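Trainee: If it helps, the file is called entry_36.cif and holds mmCIF, C-alpha atoms:
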data_query
#
loop_
_atom_site.label_atom_id
_atom_site.label_comp_id
_atom_site.auth_asym_id
_atom_site.auth_seq_id
_atom_site.Cartn_x
_atom_site.Cartn_y
_atom_site.Cartn_z
CA MET A 160 -15.44 -36.19 0.13
CA SER A 161 -15.79 -33.65 2.91
CA GLY A 162 -13.92 -30.76 4.43
CA ARG A 163 -12.23 -29.47 1.28
CA THR A 164 -10.47 -26.21 1.97
CA SER A 165 -12.40 -24.50 -0.84
CA ASP A 166 -15.75 -25.47 0.69
CA PRO A 167 -17.94 -22.93 2.49
CA ARG A 168 -16.88 -22.34 6.06
CA GLU A 169 -18.67 -20.84 9.02
CA ILE A 170 -17.63 -17.32 9.91
CA THR A 171 -18.94 -14.67 12.25
CA LEU A 172 -19.08 -11.03 11.19
CA SER A 173 -20.12 -8.24 13.51
CA ILE A 174 -21.66 -5.57 11.29
CA ASN A 175 -22.61 -2.36 13.07
CA GLY A 176 -22.85 -4.37 16.29
CA THR A 177 -25.14 -7.06 14.89
CA VAL A 178 -23.64 -10.54 14.76
CA HIS A 179 -24.07 -12.46 11.51
CA LYS A 180 -23.15 -16.15 11.36
CA VAL A 181 -22.79 -17.17 7.74
CA ALA A 182 -21.21 -19.95 5.71
CA VAL A 183 -19.12 -18.64 2.82
CA GLU A 184 -16.73 -19.99 0.21
CA PRO A 185 -13.22 -18.57 0.68
CA ARG A 186 -13.41 -16.98 -2.77
CA ARG A 187 -16.26 -14.65 -1.73
CA THR A 188 -15.18 -11.07 -1.11
CA LEU A 189 -16.18 -9.24 2.05
CA VAL A 190 -18.41 -6.80 0.16
CA ASP A 191 -20.36 -9.61 -1.50
CA VAL A 192 -20.96 -11.30 1.84
CA ILE A 193 -21.94 -8.03 3.54
CA ARG A 194 -24.53 -7.44 0.82
CA ASP A 195 -25.73 -10.88 -0.24
CA ASP A 196 -25.40 -12.95 2.93
CA CYS A 197 -25.90 -10.31 5.59
CA GLY A 198 -28.41 -8.20 3.66
CA GLN A 199 -26.63 -4.91 4.31
CA THR A 200 -26.89 -3.40 0.83
CA GLY A 201 -25.86 0.13 1.76
CA THR A 202 -22.28 -0.68 0.80
CA HIS A 203 -21.96 -0.49 -2.97
CA ILE A 204 -19.87 -2.48 -5.42
CA GLY A 205 -18.27 -0.39 -8.12
CA CYS A 206 -15.18 -1.58 -9.92
CA GLU A 207 -14.48 -4.74 -7.93
CA HIS A 208 -10.74 -4.28 -8.28
CA GLY A 209 -9.85 -1.69 -5.71
CA VAL A 210 -9.88 1.46 -7.80
CA CYS A 211 -13.17 3.27 -7.13
CA GLY A 212 -13.59 3.08 -3.36
CA ALA A 213 -17.39 2.66 -3.46
CA CYS A 214 -17.10 -0.44 -1.25
CA THR A 215 -15.04 1.25 1.49
CA VAL A 216 -16.01 -0.08 4.93
CA LEU A 217 -14.32 0.02 8.31
CA VAL A 218 -12.82 -3.19 9.69
CA ASP A 219 -11.75 -2.69 13.30
CA ASP A 220 -12.08 1.04 12.55
CA GLU A 221 -9.60 0.95 9.63
CA PRO A 222 -11.02 2.00 6.26
CA LEU A 223 -10.39 -0.54 3.53
CA ARG A 224 -11.65 -1.76 0.17
CA SER A 225 -14.07 -4.56 0.99
CA CYS A 226 -13.74 -5.90 -2.59
CA LEU A 227 -10.05 -6.63 -1.89
CA MET A 228 -10.56 -8.64 1.28
CA PHE A 229 -12.01 -12.12 1.44
CA ALA A 230 -14.86 -12.51 3.88
CA VAL A 231 -13.09 -15.41 5.61
CA GLN A 232 -10.32 -12.96 6.50
CA ALA A 233 -12.83 -10.83 8.41
CA ASP A 234 -13.99 -13.71 10.63
CA GLY A 235 -14.52 -12.37 14.14
CA ARG A 236 -13.75 -8.79 13.16
CA SER A 237 -15.87 -5.72 13.82
CA ILE A 238 -17.21 -4.10 10.64
CA ARG A 239 -18.85 -0.73 10.23
CA THR A 240 -20.89 0.20 7.17
CA VAL A 241 -22.99 3.18 6.13
CA GLU A 242 -26.06 1.67 7.84
CA GLY A 243 -24.31 2.17 11.17
CA LEU A 244 -23.54 5.87 10.82
CA GLN A 245 -26.77 7.34 12.13
CA THR A 246 -27.79 7.25 15.76
CA GLY A 247 -31.52 6.47 16.01
CA ASP A 248 -33.19 8.97 13.68
CA ALA A 249 -30.28 11.40 13.85
CA LEU A 250 -27.97 11.36 10.87
CA HIS A 251 -24.23 11.46 11.37
CA PRO A 252 -22.74 14.97 10.92
CA MET A 253 -21.04 13.66 7.77
CA GLN A 254 -24.39 12.59 6.30
CA GLU A 255 -25.95 15.94 7.29
CA ALA A 256 -23.14 17.81 5.59
CA PHE A 257 -23.45 15.75 2.40
CA MET A 258 -27.14 16.79 2.22
CA ARG A 259 -26.41 20.41 3.07
CA TYR A 260 -23.69 20.83 0.45
CA HIS A 261 -25.33 18.70 -2.25
CA ALA A 262 -22.31 16.38 -2.17
CA LEU A 263 -24.04 13.68 -4.17
CA GLN A 264 -26.17 13.34 -7.24
CA CYS A 265 -26.71 9.70 -8.12
CA GLY A 266 -25.40 8.60 -4.72
CA PHE A 267 -23.62 5.48 -5.87
CA CYS A 268 -20.22 6.51 -4.50
CA THR A 269 -21.64 8.12 -1.36
CA PRO A 270 -21.40 5.22 1.13
CA GLY A 271 -17.71 4.82 0.32
CA PHE A 272 -17.00 8.52 0.68
CA LEU A 273 -18.91 8.70 3.96
CA MET A 274 -17.06 5.77 5.52
CA LEU A 275 -13.68 6.99 4.26
CA ALA A 276 -14.16 10.51 5.58
CA VAL A 277 -15.59 9.40 8.92
CA ALA A 278 -12.74 6.93 9.48
CA ALA A 279 -10.08 9.50 8.64
CA LEU A 280 -11.58 12.15 10.92
CA GLU A 281 -12.19 9.78 13.82
CA LYS A 282 -8.48 9.01 13.79
CA ARG A 283 -7.27 12.54 13.15
CA PRO A 284 -9.92 15.18 13.95
CA ASP A 285 -7.54 18.02 13.01
CA LEU A 286 -7.05 17.09 9.35
CA ASN A 287 -6.93 20.25 7.24
CA ARG A 288 -8.49 20.81 3.83
CA GLU A 289 -5.37 19.87 1.93
CA GLU A 290 -4.98 16.62 3.87
CA LEU A 291 -8.67 15.79 3.41
CA VAL A 292 -8.44 16.38 -0.34
CA ASP A 293 -5.49 14.00 -0.43
CA ILE A 294 -7.45 11.34 1.46
CA LEU A 295 -10.58 11.82 -0.67
CA SER A 296 -8.52 11.36 -3.85
CA SER A 297 -8.80 7.65 -3.01
CA ASN A 298 -12.44 7.46 -4.13
CA LEU A 299 -14.14 8.16 -7.44
CA CYS A 300 -17.30 10.21 -8.02
CA ARG A 301 -18.63 10.69 -11.54
CA CYS A 302 -21.33 13.28 -10.74
CA THR A 303 -20.15 16.06 -8.48
CA GLY A 304 -16.74 17.08 -9.70
CA TYR A 305 -15.66 16.59 -6.04
CA GLU A 306 -15.97 20.26 -5.04
CA ASN A 307 -19.13 19.74 -3.03
CA ILE A 308 -17.78 16.56 -1.47
CA VAL A 309 -14.72 18.46 -0.26
CA LYS A 310 -16.92 21.27 1.08
CA ALA A 311 -19.16 18.80 2.90
CA VAL A 312 -16.30 16.87 4.45
CA CYS A 313 -14.58 20.06 5.62
CA ALA A 314 -17.84 21.26 7.18
CA ALA A 315 -18.43 17.87 8.81
CA ALA A 316 -14.88 17.90 10.14
CA ALA A 317 -15.67 21.12 12.00
CA ASP A 318 -18.99 19.70 13.24
CA MET A 319 -17.40 16.45 14.42
CA LYS A 320 -14.66 18.37 16.19
CA ALA A 321 -17.21 20.64 17.90
CA ASN A 322 -19.13 17.55 19.08
CA LEU A 323 -15.88 16.04 20.31
CA ASP A 324 -14.95 19.20 22.21
CA ALA A 325 -18.45 19.45 23.70
CA SER A 326 -18.45 15.88 24.99
CA PRO A 327 -17.03 15.41 28.51
CA MET B 27 -15.05 -10.03 -11.87
CA LYS B 28 -15.28 -12.61 -9.10
CA PRO B 29 -12.20 -14.60 -8.09
CA ALA B 30 -12.15 -18.27 -9.06
CA SER B 31 -12.46 -20.91 -6.39
CA PHE B 32 -9.36 -21.65 -4.31
CA SER B 33 -8.36 -23.60 -1.24
CA TYR B 34 -7.77 -21.33 1.72
CA HIS B 35 -5.07 -21.94 4.30
CA ALA B 36 -4.57 -19.73 7.33
CA PRO B 37 -1.37 -20.76 9.14
CA THR B 38 -0.59 -19.18 12.51
CA SER B 39 3.18 -19.70 12.46
CA VAL B 40 5.98 -19.29 9.91
CA ASP B 41 6.85 -22.99 10.28
CA GLU B 42 3.30 -23.89 9.34
CA ALA B 43 3.31 -21.40 6.44
CA VAL B 44 6.54 -22.73 4.88
CA ALA B 45 5.27 -26.31 5.26
CA LEU B 46 2.17 -25.30 3.29
CA LEU B 47 4.36 -23.51 0.73
CA ALA B 48 6.55 -26.59 0.33
CA GLU B 49 3.42 -28.57 -0.51
CA PHE B 50 1.40 -26.04 -2.52
CA GLY B 51 4.03 -23.64 -3.91
CA PRO B 52 4.90 -26.10 -6.72
CA GLN B 53 1.16 -26.25 -7.53
CA ASP B 54 1.01 -22.47 -8.11
CA GLY B 55 -0.14 -21.78 -4.56
CA ARG B 56 0.30 -18.12 -3.59
CA VAL B 57 0.92 -16.17 -0.42
CA LEU B 58 -1.83 -13.72 0.55
CA ALA B 59 -0.64 -10.75 2.61
CA GLY B 60 -2.38 -7.38 2.05
CA GLY B 61 -3.97 -8.61 -1.15
CA GLN B 62 -4.04 -5.16 -2.75
CA SER B 63 -2.31 -6.44 -5.92
CA LEU B 64 -3.13 -10.16 -5.83
CA VAL B 65 -6.88 -9.88 -5.27
CA PRO B 66 -7.50 -7.51 -8.24
CA THR B 67 -5.59 -9.88 -10.53
CA MET B 68 -7.72 -12.73 -9.17
CA ALA B 69 -10.88 -10.68 -9.75
CA PHE B 70 -9.82 -10.26 -13.38
CA ARG B 71 -9.00 -14.00 -13.44
CA MET B 72 -5.52 -13.10 -14.62
CA ALA B 73 -4.43 -15.13 -11.60
CA ARG B 74 -6.25 -18.31 -10.56
CA PRO B 75 -4.13 -19.73 -7.75
CA PRO B 76 -5.61 -23.05 -6.60
CA HIS B 77 -4.26 -22.44 -3.09
CA LEU B 78 -3.95 -19.25 -1.05
CA ILE B 79 -1.79 -19.20 2.06
CA ASP B 80 -3.00 -16.29 4.16
CA ILE B 81 -0.18 -15.06 6.41
CA ASN B 82 -2.19 -12.34 8.16
CA GLY B 83 -2.75 -14.53 11.21
CA ILE B 84 0.95 -15.06 11.87
CA ALA B 85 1.66 -12.81 14.84
CA GLU B 86 5.46 -13.07 14.56
CA LEU B 87 5.31 -11.39 11.11
CA ALA B 88 3.60 -8.25 12.40
CA ALA B 89 6.69 -6.78 14.08
CA LEU B 90 8.50 -3.63 13.04
CA THR B 91 11.70 -3.45 15.05
CA VAL B 92 14.87 -1.36 15.25
CA SER B 93 17.97 -3.04 16.58
CA ALA B 94 21.73 -2.58 16.09
CA GLY B 95 21.29 -0.02 13.34
CA VAL B 96 18.87 -2.15 11.32
CA ILE B 97 15.13 -1.73 10.76
CA THR B 98 13.43 -5.10 10.37
CA ILE B 99 10.05 -4.93 8.68
CA GLY B 100 7.97 -8.08 9.21
CA ALA B 101 5.93 -9.46 6.33
CA CYS B 102 2.61 -8.24 7.74
CA VAL B 103 3.65 -4.63 8.46
CA ARG B 104 1.23 -2.39 6.54
CA HIS B 105 2.20 0.64 4.48
CA ALA B 106 0.26 2.82 6.94
CA ALA B 107 2.70 1.90 9.73
CA PHE B 108 5.26 4.21 8.15
CA ASP B 109 2.91 7.18 8.16
CA SER B 110 3.62 7.79 11.84
CA ASP B 111 6.53 8.78 14.02
CA ILE B 112 7.20 5.26 15.32
CA LEU B 113 10.31 4.87 13.17
CA PRO B 114 13.18 7.05 14.34
CA GLY B 115 16.04 8.69 12.54
CA ARG B 116 16.72 9.58 8.95
CA THR B 117 15.43 6.25 7.62
CA GLY B 118 12.15 6.88 9.44
CA ASP B 119 11.99 10.37 7.93
CA LEU B 120 12.62 8.97 4.45
CA LEU B 121 9.98 6.23 4.74
CA ARG B 122 7.45 8.78 6.02
CA LYS B 123 8.17 10.93 2.96
CA VAL B 124 7.90 7.99 0.54
CA VAL B 125 4.75 6.38 1.97
CA GLN B 126 2.63 9.38 1.01
CA ASN B 127 3.16 8.39 -2.62
CA ILE B 128 1.90 4.81 -2.24
CA ALA B 129 -1.60 4.35 -3.62
CA HIS B 130 -4.29 5.76 -1.31
CA TYR B 131 -5.10 5.77 2.39
CA PRO B 132 -7.52 2.76 2.41
CA ILE B 133 -4.99 0.77 0.36
CA ARG B 134 -2.18 1.68 2.77
CA THR B 135 -4.15 0.36 5.75
CA ARG B 136 -4.07 -3.09 4.18
CA GLY B 137 -1.15 -3.45 1.76
CA THR B 138 2.22 -4.49 3.17
CA PHE B 139 5.84 -3.40 2.66
CA CYS B 140 7.05 -6.95 2.06
CA GLY B 141 4.12 -7.73 -0.20
CA SER B 142 5.20 -4.87 -2.47
CA VAL B 143 8.77 -6.16 -2.37
CA ALA B 144 7.66 -9.72 -3.26
CA ASN B 145 5.31 -8.46 -5.98
CA ALA B 146 8.20 -6.43 -7.48
CA ASP B 147 6.15 -4.10 -9.62
CA PRO B 148 8.70 -1.87 -11.41
CA ALA B 149 6.83 1.19 -10.07
CA SER B 150 6.83 0.06 -6.41
CA GLU B 151 8.19 2.75 -4.11
CA TRP B 152 9.30 0.22 -1.49
CA CYS B 153 11.27 -1.72 -4.10
CA CYS B 154 13.07 1.52 -4.97
CA VAL B 155 13.75 2.18 -1.28
CA THR B 156 15.23 -1.28 -0.71
CA ALA B 157 17.43 -0.83 -3.79
CA ALA B 158 18.59 2.65 -2.78
CA LEU B 159 19.43 1.66 0.79
CA ASP B 160 20.96 -1.73 -0.11
CA GLY B 161 18.24 -3.47 1.88
CA ILE B 162 18.11 -7.20 2.48
CA VAL B 163 15.13 -9.46 1.82
CA VAL B 164 14.86 -12.35 4.28
CA LEU B 165 13.40 -15.57 2.85
CA ARG B 166 12.32 -18.68 4.76
CA SER B 167 11.54 -22.15 3.53
CA GLN B 168 11.78 -25.61 5.00
CA ARG B 169 15.24 -25.67 3.46
CA GLY B 170 16.37 -22.80 5.68
CA VAL B 171 16.87 -19.01 5.65
CA ARG B 172 18.26 -16.95 2.80
CA ARG B 173 19.23 -13.29 3.08
CA VAL B 174 19.21 -11.76 -0.39
CA PRO B 175 20.57 -8.24 -1.04
CA ALA B 176 18.19 -6.00 -2.99
CA ALA B 177 20.70 -5.75 -5.85
CA GLU B 178 20.28 -9.51 -6.42
CA PHE B 179 16.65 -9.82 -5.36
CA TYR B 180 15.00 -7.91 -8.21
CA GLN B 181 15.45 -9.67 -11.53
CA GLY B 182 12.85 -8.26 -13.89
CA VAL B 183 9.26 -7.05 -14.17
CA MET B 184 7.57 -8.73 -11.18
CA ALA B 185 10.39 -11.27 -11.13
CA THR B 186 12.48 -11.88 -8.01
CA ALA B 187 14.88 -14.34 -6.42
CA VAL B 188 12.03 -15.91 -4.40
CA GLU B 189 11.74 -19.66 -5.01
CA GLU B 190 8.28 -21.25 -5.10
CA ASP B 191 8.64 -22.76 -1.61
CA GLU B 192 10.00 -19.56 -0.03
CA LEU B 193 8.21 -16.94 2.03
CA VAL B 194 9.40 -13.35 2.33
CA VAL B 195 9.40 -13.05 6.12
CA ALA B 196 11.03 -9.63 6.45
CA ALA B 197 12.88 -6.80 4.79
CA GLU B 198 15.84 -5.14 6.47
CA LEU B 199 16.91 -1.53 5.97
CA PRO B 200 19.89 0.22 7.51
CA MET B 201 19.40 3.12 9.90
CA LEU B 202 20.91 5.99 7.94
CA ALA B 203 23.42 8.22 9.74
CA ASP B 204 21.87 11.27 11.39
CA ASP B 205 23.51 13.66 8.92
CA THR B 206 22.25 11.81 5.84
CA ARG B 207 20.33 13.92 3.36
CA THR B 208 17.53 12.17 1.49
CA GLY B 209 15.36 13.18 -1.44
CA PHE B 210 12.52 11.32 -3.13
CA VAL B 211 10.44 12.46 -6.10
CA GLU B 212 8.09 10.50 -8.33
CA PHE B 213 5.86 11.40 -11.25
CA SER B 214 2.48 9.87 -11.96
CA ARG B 215 -0.44 11.08 -14.03
CA ARG B 216 -2.81 11.13 -11.07
CA LYS B 217 -2.24 11.25 -7.33
CA GLY B 218 -1.90 7.69 -6.02
CA ASP B 219 -1.43 6.14 -9.46
CA PHE B 220 1.51 3.97 -10.44
CA ALA B 221 4.57 6.15 -10.95
CA ILE B 222 5.98 6.44 -14.45
CA ALA B 223 9.38 7.05 -12.89
CA MET B 224 10.86 7.93 -9.50
CA ALA B 225 14.22 8.96 -8.09
CA LEU B 226 15.57 8.42 -4.59
CA VAL B 227 18.87 9.97 -3.56
CA THR B 228 20.86 9.97 -0.35
CA TYR B 229 24.24 11.42 0.53
CA ARG B 230 26.24 12.79 3.44
CA LEU B 231 28.61 15.74 3.62
CA GLU B 232 32.24 15.62 4.73
CA ASN B 233 34.11 18.92 4.68
CA GLY B 234 31.40 20.26 2.38
CA ALA B 235 31.76 17.47 -0.16
CA MET B 236 29.26 14.69 -0.88
CA ILE B 237 30.19 11.21 0.36
CA GLU B 238 28.41 7.86 0.22
CA PRO B 239 26.03 8.99 -2.52
CA SER B 240 23.17 6.69 -3.54
CA VAL B 241 21.04 7.37 -6.61
CA ALA B 242 18.26 4.85 -7.26
CA ILE B 243 15.71 4.95 -10.04
CA GLY B 244 12.38 3.10 -10.02
CA GLY B 245 9.56 2.77 -12.53
CA ALA B 246 11.75 3.47 -15.54
CA GLU B 247 13.35 0.06 -16.01
CA SER B 248 12.14 -3.50 -15.39
CA HIS B 249 13.21 -3.18 -11.77
CA PRO B 250 14.67 -0.45 -9.56
CA ARG B 251 18.43 -0.21 -9.12
CA ARG B 252 21.23 2.10 -8.02
CA LEU B 253 23.02 3.97 -10.80
CA ARG B 254 26.76 4.02 -10.08
CA GLU B 255 27.29 6.33 -13.07
CA ALA B 256 25.29 9.10 -11.38
CA GLU B 257 26.79 8.41 -7.95
CA ASP B 258 30.32 8.75 -9.37
CA VAL B 259 29.45 12.25 -10.60
CA LEU B 260 28.37 13.30 -7.10
CA ARG B 261 31.10 11.68 -5.01
CA GLY B 262 33.59 14.19 -3.63
CA GLN B 263 31.81 17.22 -5.12
CA LYS B 264 30.13 20.12 -3.34
CA PRO B 265 26.32 19.96 -3.70
CA GLY B 266 25.00 22.44 -6.24
CA GLY B 267 23.01 22.97 -9.42
CA ALA B 268 25.77 22.16 -11.92
CA VAL B 269 26.85 18.88 -10.32
CA PHE B 270 23.22 17.87 -9.75
CA ALA B 271 22.48 18.50 -13.43
CA ALA B 272 25.53 16.45 -14.44
CA ALA B 273 24.45 13.56 -12.19
CA ALA B 274 20.91 13.75 -13.60
CA GLU B 275 22.35 13.61 -17.11
CA ALA B 276 24.45 10.58 -16.15
CA ALA B 277 21.36 8.85 -14.70
CA ALA B 278 19.36 9.51 -17.87
CA ALA B 279 22.20 8.16 -20.00
CA ALA B 280 22.68 5.04 -17.86
CA ILE B 281 19.15 3.67 -17.95
CA ASP B 282 17.44 1.46 -20.48
CA PRO B 283 13.87 2.77 -20.18
CA MET B 284 10.72 0.71 -20.69
CA ALA B 285 8.15 1.92 -23.21
CA ASP B 286 4.40 1.44 -22.94
CA PHE B 287 1.25 2.71 -24.62
CA ASN B 288 1.34 6.10 -22.89
CA ASN B 289 5.05 6.61 -22.28
CA THR B 290 7.86 6.28 -24.80
CA ALA B 291 11.36 5.32 -23.73
CA ALA B 292 12.55 8.84 -24.58
CA TYR B 293 9.86 10.34 -22.35
CA ARG B 294 10.89 8.12 -19.44
CA ARG B 295 14.54 9.02 -20.00
CA GLY B 296 13.61 12.70 -19.81
CA LEU B 297 11.62 12.08 -16.64
CA VAL B 298 14.56 10.30 -15.03
CA ARG B 299 16.77 13.32 -15.80
CA THR B 300 14.24 15.75 -14.31
CA LEU B 301 13.33 13.63 -11.28
CA THR B 302 16.94 12.88 -10.38
CA GLN B 303 17.73 16.58 -10.44
CA ARG B 304 14.64 17.41 -8.34
CA ALA B 305 15.40 14.64 -5.83
CA LEU B 306 18.93 16.00 -5.43
CA GLU B 307 17.72 19.61 -5.12
CA SER B 308 15.08 18.66 -2.54
CA ALA B 309 17.34 16.39 -0.48
CA GLU B 310 17.37 17.56 3.11
#
Let's see the structure in the file written out as structure tokens.
Mentor:
Amino acid sequence: MSGRTSDPREITLSINGTVHKVAVEPRRTLVDVIRDDCGQTGTHIGCEHGVCGACTVLVDDEPLRSCLMFAVQADGRSIRTVEGLQTGDALHPMQEAFMRYHALQCGFCTPGFLMLAVAALEKRPDLNREELVDILSSNLCRCTGYENIVKAVCAAAADMKANLDASP
Amino acid sequence: MKPASFSYHAPTSVDEAVALLAEFGPQDGRVLAGGQSLVPTMAFRMARPPHLIDINGIAELAALTVSAGVITIGACVRHAAFDSDILPGRTGDLLRKVVQNIAHYPIRTRGTFCGSVANADPASEWCCVTAALDGIVVLRSQRGVRRVPAAEFYQGVMATAVEEDELVVAAELPMLADDTRTGFVEFSRRKGDFAIAMALVTYRLENGAMIEPSVAIGGAESHPRRLREAEDVLRGQKPGGAVFAAAAEAAAAAIDPMADFNNTAAYRRGLVRTLTQRALESAE
């Protein structure tokens, strides 16, 4: 018997610009395939049912829970993960700000927060503190009490906007 | 915490999708749209559908159109689409106000309006909207098209008029008149959480008196619905604190609230009273 629709199928994922051709069962979630099949373990798996936000990645620049999407649904799509944030040795302003404001302790939630905040600010660079707090309420952190995350994201928002204004 | 194995089907047309549903619907096959409710239940193995019919590749379902006073929301239109100024008029304003209450930003980029309607969670904001505005749910199967009014569509907790071979292809909402006032308030324990109760009100003014009032309650009962008892209190009256309080009292008296571990029926009844009053006071 061949070609059952539950059998692994070939898909192509572009992760941070690198093309990965993998064969996956339809039941495998995007986050599992990003980590286990593509070896990009920066994206973390927390609750696996869409509540914690640790697995937030960008698919075609939209932030989403990669535990709530099947990998086969991302075939041919462009995915961005935390590994793709820095440019060469230079950290992304969001990563810099998280260090500066001590916005993490254990770091488990950090990749999700970074991708969420970067996605939101790339779309709307003028988001104010209140709007950012609302957006950040999507993800859970058990260490920081959120204050330093909010401070870091607000600071990074200003840095990203300054970079945007400075670019031609 | 990993979904069980299933057969995956990715149709590219509605005809193809309803053919698959005709075959696999009777075998507990399910439609996959945004997946923000279905996939968690599969992760918990509370749902183990042997077949998933993924409708995300059906281009004709991605449309959000306004024509002849009706907004037609295709089955693949995401919640996030309403958080923009693409929808005109008072209905657009209302949907923009409501969408802020639906889950969180990365859920709204993926979850769909029609998926929420088909899922029929009692606390779904979109279900409450379709009830309040007398929306229509459009169903397709190989047997044909059915257009089911919201008042008949919702039948219980996560129970609807959808037959196992039918696909929700669209939801239709009326364009409210330009002088319509709308108010929406919900209460949940945490931002983005399921609402314990919500109230949506609309009315217009004629010679200073309220006409065409709609009062819909969601989250409190097994499914959202309009409360004629509260609307009757408002109709023909001038808007104001006393009549709003009387309508809120009528709403609280008319419902048969659900009870759960955290919320007694009496608590929900009190919430409905408070939220109805606040929705009326905030209507603009």
Trainee: Given the file shown, determine the residues that the PyMOL selection byres ((chain A and resi 311) around 12) selects; report them as an NGL selection string.
Mentor: :A and (252-263 or 269 or 272-273 or 276-277 or 288 or 291-292 or 295 or 303 or 305-310 or 312-319)
Trainee: At a cut-off of 6 Å, list the chain B residues touching chain A, using all atoms listed in the file, as a list in words.
Mentor: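 Only these qualify: Pro29, Ser31, Phe32, Ser33, Tyr34, Val65, Pro66, His130 and Pro132 of chain B.
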Trainee: What is the atom CA of B:Pro175 to atom CA of B:Leu64 distance in Å?
Mentor: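 We find that atom CA of B:Pro175 and atom CA of B:Leu64 lie 24.3 Å from each other.
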Trainee: With only C-alpha atoms as the basis for distance, which of B:Met27, B:Ala129, B:Cys153, B:Ala268 is at the shortest distance from B:Ser63?
Mentor: B:Ala129
Trainee: Determine the residue set returned by the PyMOL selection byres ((chain B and resi 156-169) around 7) for the present structure, and present it as an NGL selection string.
Mentor: :B and (44-45 or 152-155 or 170-177 or 191-200 or 226 or 240-242 or 250-252)
Trainee: Got a sec to resolve the PyMOL selection byres ((chain B and resi 90) around 12) on this structure and send the residues as a PyMOL selection string?
Mentor: chain B and resi 85-89+91-93+96-105+107-108+112-114+118+138-140+195-199
Trainee: To one decimal place, how far is atom CA of B:Gly245 from atom CA of B:Val125 in Å?
Mentor: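 That distance, rounded to one decimal, is 15.7 Å.
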Trainee: Using atom CA of A:Val192 and atom CA of A:Pro167 as the two end points, give the distance in Å to one decimal.
Mentor: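 Atom CA of A:Pro167 lies at a distance of 12.0 Å from atom CA of A:Val192.
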Trainee: Find the residues near A:Arg236: any atom within 12 Å, counting only C-alpha atoms, skip ones fewer than 5 places away on the same chain, and give them as a PyMOL selection string.
Mentor: chain A and resi 170-179+189+217-221+230-231
Trainee: Around (-19.4, 6.0, -3.7), as given in the file, which residues come within 6 Å? Count only C-alpha atoms and list them as a count of residues only.
Mentor: 7
Trainee: Closest to B:Val124 among B:Ala256, B:Ala106, B:Leu46, B:Ala94, using only C-alpha atoms?
Mentor: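 Smallest separation from B:Val124 among the options: B:Ala106.
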Trainee: List the spatial neighbours of B:Asp282 as a short mmCIF file (atom, residue, chain, number, x, y, z; two decimals) with C-alpha atoms, in the frame of the given file - criterion: any atom at most 7 Å away, only C-alpha atoms, same-chain residues fewer than 2 positions off excluded.
Mentor:
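Saved as result-v8.cif:
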data_model
loop_
_atom_site.label_atom_id
_atom_site.label_comp_id
_atom_site.auth_asym_id
_atom_site.auth_seq_id
_atom_site.Cartn_x
_atom_site.Cartn_y
_atom_site.Cartn_z
CA GLU B 247 13.35 0.06 -16.01
CA ALA B 280 22.68 5.04 -17.86
CA MET B 284 10.72 0.71 -20.69
#
Trainee: Counting only C-alpha atoms, which residue out of B:Lys264, B:Gln303, B:Ala59, B:Asn288 sits closest to B:Arg215?
Mentor: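 Nearest candidate to B:Arg215 out of B:Lys264, B:Gln303, B:Ala59, B:Asn288: B:Asn288.
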Trainee: Choose the residue, out of A:Cys197, A:Leu299, A:Leu280, A:Asn287, that has the smallest atom-to-atom separation from A:Lys320; count only C-alpha atoms.
Mentor: A:Leu280
Trainee: Please determine, counting only C-alpha atoms, which residue among B:Gly61, B:Gly266, B:Pro76, B:Gly137 has the shortest atom-to-atom distance to B:Ala30.
Mentor: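 The shortest atom-to-atom distance to B:Ala30 comes from B:Pro76.
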